[in-house]
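Enquirer: Here you go, query-v8.cif (mmCIF, C-alpha atoms):
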```
data_input
loop_
_atom_site.label_atom_id
_atom_site.label_comp_id
_atom_site.auth_asym_id
_atom_site.auth_seq_id
_atom_site.Cartn_x
_atom_site.Cartn_y
_atom_site.Cartn_z
CA MET E 693 -77.02 19.10 17.94
CA THR E 694 -77.70 22.72 16.99
CA GLY E 695 -74.20 23.06 15.55
CA ALA E 696 -74.85 20.19 13.17
CA VAL E 697 -78.20 21.69 12.16
CA ALA E 698 -76.60 25.08 11.56
CA ALA E 699 -73.83 23.51 9.50
CA ALA E 700 -76.35 21.55 7.44
CA SER E 701 -78.44 24.68 6.95
CA TYR E 702 -75.38 26.64 5.85
CA LEU E 703 -74.34 23.92 3.40
CA ALA E 704 -77.86 23.70 1.96
CA ARG E 705 -77.98 27.47 1.48
CA ARG E 706 -74.57 27.50 -0.19
CA ALA E 707 -75.65 24.65 -2.50
CA ALA E 708 -78.75 26.61 -3.49
CA GLN E 709 -76.62 29.69 -4.15
CA LYS E 710 -74.22 27.72 -6.32
CA GLU E 711 -77.13 26.36 -8.33
CA ARG E 712 -78.59 29.86 -8.82
CA VAL E 713 -75.20 31.14 -9.98
CA ARG E 714 -74.78 28.20 -12.36
CA ILE E 715 -78.23 28.77 -13.87
CA LEU E 716 -77.62 32.51 -14.17
CA TYR E 717 -74.26 31.97 -15.86
CA ARG E 718 -75.70 29.50 -18.38
CA ARG E 719 -78.64 31.80 -19.17
CA ALA E 720 -76.34 34.80 -19.61
CA LEU E 721 -73.92 32.81 -21.76
CA LYS E 722 -76.71 31.57 -24.02
CA ASP E 723 -78.08 35.10 -24.25
CA THR E 724 -74.64 36.33 -25.29
CA LEU E 725 -75.07 34.25 -28.45
CA ASN E 726 -78.15 36.33 -29.29
CA TRP E 727 -76.17 39.57 -29.17
CA ALA E 728 -73.08 38.36 -31.03
CA VAL E 729 -73.26 38.24 -34.81
CA HIS E 730 -70.07 36.24 -35.32
CA ARG E 731 -68.33 33.59 -33.24
CA HIS E 732 -65.15 35.62 -32.74
CA ILE E 733 -67.30 38.35 -31.14
CA PHE E 734 -69.08 35.78 -28.99
CA TYR E 735 -65.81 34.34 -27.71
CA SER E 736 -64.58 37.70 -26.44
CA ASP E 737 -67.99 38.46 -24.88
CA ALA E 738 -68.06 35.01 -23.26
CA ASP E 739 -64.57 35.59 -21.80
CA ALA E 740 -65.69 38.94 -20.37
CA LEU E 741 -68.77 37.31 -18.85
CA ARG E 742 -66.66 34.57 -17.26
CA GLU E 743 -64.29 37.18 -15.81
CA LYS E 744 -67.26 38.94 -14.18
CA PHE E 745 -68.34 35.71 -12.53
CA ASP E 746 -64.81 34.70 -11.52
CA ALA E 747 -64.13 38.11 -9.97
CA ASN E 748 -66.57 37.34 -7.15
CA LYS E 749 -65.99 33.65 -6.54
CA HIS E 750 -63.88 34.37 -3.42
CA VAL E 751 -66.84 35.93 -1.53
CA GLU E 752 -67.91 33.78 1.45
CA ASP E 753 -70.60 35.83 3.25
CA VAL E 754 -73.97 34.28 2.40
CA GLU E 755 -75.90 37.55 2.71
CA THR E 756 -73.49 39.30 0.34
CA ILE E 757 -73.75 36.41 -2.10
CA ASP E 758 -77.56 36.54 -2.03
CA ARG E 759 -77.48 40.28 -2.72
CA MET E 760 -74.97 39.86 -5.55
CA ILE E 761 -77.06 37.10 -7.14
CA ALA E 762 -80.22 39.22 -6.93
CA ASP E 763 -78.39 42.18 -8.50
CA ALA E 764 -76.99 40.00 -11.28
CA GLU E 765 -80.40 38.46 -12.02
CA ALA E 766 -81.95 41.95 -12.19
CA ALA E 767 -79.20 43.10 -14.55
CA TYR E 768 -79.71 40.01 -16.71
CA ASP E 769 -83.46 40.63 -16.91
CA LYS E 770 -82.81 44.26 -17.86
CA TRP E 771 -80.23 43.53 -20.59
CA ARG E 772 -81.37 40.24 -22.10
CA HIS E 773 -82.05 40.20 -25.82
CA PRO E 774 -85.57 41.34 -26.82
CA ASP E 775 -85.77 38.94 -29.77
CA PRO E 776 -83.73 35.83 -28.89
CA TYR E 777 -82.85 33.18 -31.42
CA ILE E 778 -85.14 30.16 -31.23
CA VAL E 779 -84.26 26.90 -32.92
CA PRO E 780 -86.83 26.54 -35.75
CA TRP E 781 -88.28 23.21 -34.57
CA ALA E 782 -88.47 24.23 -30.88
CA PRO E 783 -91.64 25.72 -29.35
CA GLY E 784 -91.86 29.29 -30.62
CA GLY E 785 -89.68 28.51 -33.66
CA SER E 786 -90.75 29.06 -37.24
CA LYS E 787 -91.14 25.34 -38.00
CA PHE E 788 -92.78 24.28 -34.74
CA ASN E 789 -96.02 22.41 -35.46
CA ARG E 790 -95.86 23.39 -39.11
CA ASN E 791 -97.43 20.12 -40.20
CA PRO E 792 -100.74 19.37 -38.48
CA VAL E 793 -101.33 16.13 -36.66
CA PRO E 794 -103.06 13.63 -38.98
CA PRO E 795 -106.69 12.87 -38.20
CA SER E 796 -107.47 9.84 -36.08
CA GLY E 797 -107.90 6.63 -38.02
CA ILE E 798 -105.09 7.37 -40.48
CA GLU E 799 -102.07 5.15 -40.10
CA ILE E 800 -98.67 6.50 -41.09
CA ILE E 801 -96.22 3.88 -42.31
CA TYR E 802 -92.64 5.06 -41.94
CA ASN E 803 -90.90 2.04 -43.47
CA TYR E 804 -92.38 2.45 -46.96
CA GLY E 805 -90.33 1.01 -49.79
CA LYS E 806 -88.87 -1.74 -47.66
CA GLU E 807 -89.99 -5.28 -48.29
CA ASP E 808 -90.86 -7.58 -45.47
CA ASN E 809 -88.66 -10.67 -45.95
CA ASP E 810 -90.22 -12.88 -43.31
#
```
Produce structure tokens that represent the structure in this file.

Expert:
Amino acid sequence: MTGAVAAASYLARRAAQKERVRILYRRALKDTLNWAVHRHIFYSDADALREKFDANKHVEDVETIDRMIADAEAAYDKWRHPDPYIVPWAPGGSKFNRNPVPPSGIEIIYNYGKEDND
């Protein structure tokens, strides 16, 4: 029974590590867009980032993987862009909540100009 528990524990830990690596890669790739001015620069930077991740995908020791993930997350936090691009209508963007919410009691009709043919 303990062998099955150990195997399940190992598989759960490896799944958590894979998820952390996936999240780190996506965050780093999105942050690469903040540093690149043009797409052709981004593509070469994205290829270099992928090569860094692929260089270590053969590692199997869970302690080594945990240490490598922690080092990579620390490096990402150190080198991420200080002023990232934010989509204008997203929270923190220049157009977010630009128009105030109408006061209660005012009804907004979105189908103006259309006749009701019932």

Enquirer: Atom CA of E:Val779 and atom CA of E:Ile800, how far apart in Å?

Expert: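 Straight-line distance from atom CA of E:Ile800 to atom CA of E:Val779 works out to 26.3 Å.
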
Enquirer: I'd like to know which of E:Leu725, E:Ala720, E:Val793, E:Ile757 is closest to E:Ala708, using all atoms listed in the file.

Expert: E:Ile757

Enquirer: Residues within 9 Å of E:Asp737, please, as a PyMOL selection string. Count all atoms listed in the file; anything in the same chain fewer than 2 positions from it doesn't count.

Expert: chain E and resi 721+724-725+728+732-735+739-742

Enquirer: So how far away is atom CA of E:Asn726 from atom CA of E:Pro774, in Å?

Expert: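 Rounded to one decimal, the two atoms are 9.3 Å apart.
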
Enquirer: The PyMOL selection byres ((chain E and resi 709-718) around 12) on the file shown: which residues, as a compact mmCIF listing (two decimals) with C-alpha atoms, keeping the file's coordinate frame?

Expert:
```txt
# COMPACT_ATOMS: atom_id res chain seq x y z
CA TYR E 702 -75.38 26.64 5.85
CA LEU E 703 -74.34 23.92 3.40
CA ALA E 704 -77.86 23.70 1.96
CA ARG E 705 -77.98 27.47 1.48
CA ARG E 706 -74.57 27.50 -0.19
CA ALA E 707 -75.65 24.65 -2.50
CA ALA E 708 -78.75 26.61 -3.49
CA ARG E 719 -78.64 31.80 -19.17
CA ALA E 720 -76.34 34.80 -19.61
CA LEU E 721 -73.92 32.81 -21.76
CA LYS E 722 -76.71 31.57 -24.02
CA ASP E 723 -78.08 35.10 -24.25
CA THR E 724 -74.64 36.33 -25.29
CA LEU E 725 -75.07 34.25 -28.45
CA ALA E 738 -68.06 35.01 -23.26
CA ASP E 739 -64.57 35.59 -21.80
CA ALA E 740 -65.69 38.94 -20.37
CA LEU E 741 -68.77 37.31 -18.85
CA ARG E 742 -66.66 34.57 -17.26
CA GLU E 743 -64.29 37.18 -15.81
CA LYS E 744 -67.26 38.94 -14.18
CA PHE E 745 -68.34 35.71 -12.53
CA ASP E 746 -64.81 34.70 -11.52
CA ASN E 748 -66.57 37.34 -7.15
CA LYS E 749 -65.99 33.65 -6.54
CA VAL E 751 -66.84 35.93 -1.53
CA GLU E 752 -67.91 33.78 1.45
CA ASP E 753 -70.60 35.83 3.25
CA VAL E 754 -73.97 34.28 2.40
CA GLU E 755 -75.90 37.55 2.71
CA THR E 756 -73.49 39.30 0.34
CA ILE E 757 -73.75 36.41 -2.10
CA ASP E 758 -77.56 36.54 -2.03
CA ARG E 759 -77.48 40.28 -2.72
CA MET E 760 -74.97 39.86 -5.55
CA ILE E 761 -77.06 37.10 -7.14
CA ALA E 762 -80.22 39.22 -6.93
CA ASP E 763 -78.39 42.18 -8.50
CA ALA E 764 -76.99 40.00 -11.28
CA GLU E 765 -80.40 38.46 -12.02
CA ALA E 766 -81.95 41.95 -12.19
CA ALA E 767 -79.20 43.10 -14.55
CA TYR E 768 -79.71 40.01 -16.71
CA ASP E 769 -83.46 40.63 -16.91
CA ARG E 772 -81.37 40.24 -22.10
```

Enquirer: Expressed in Å to a single decimal, how great is the separation between atom CA of E:Val729 and atom CA of E:Tyr777?

Expert: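 One can read the atom CA of E:Val729 to atom CA of E:Tyr777 distance as 11.4 Å.
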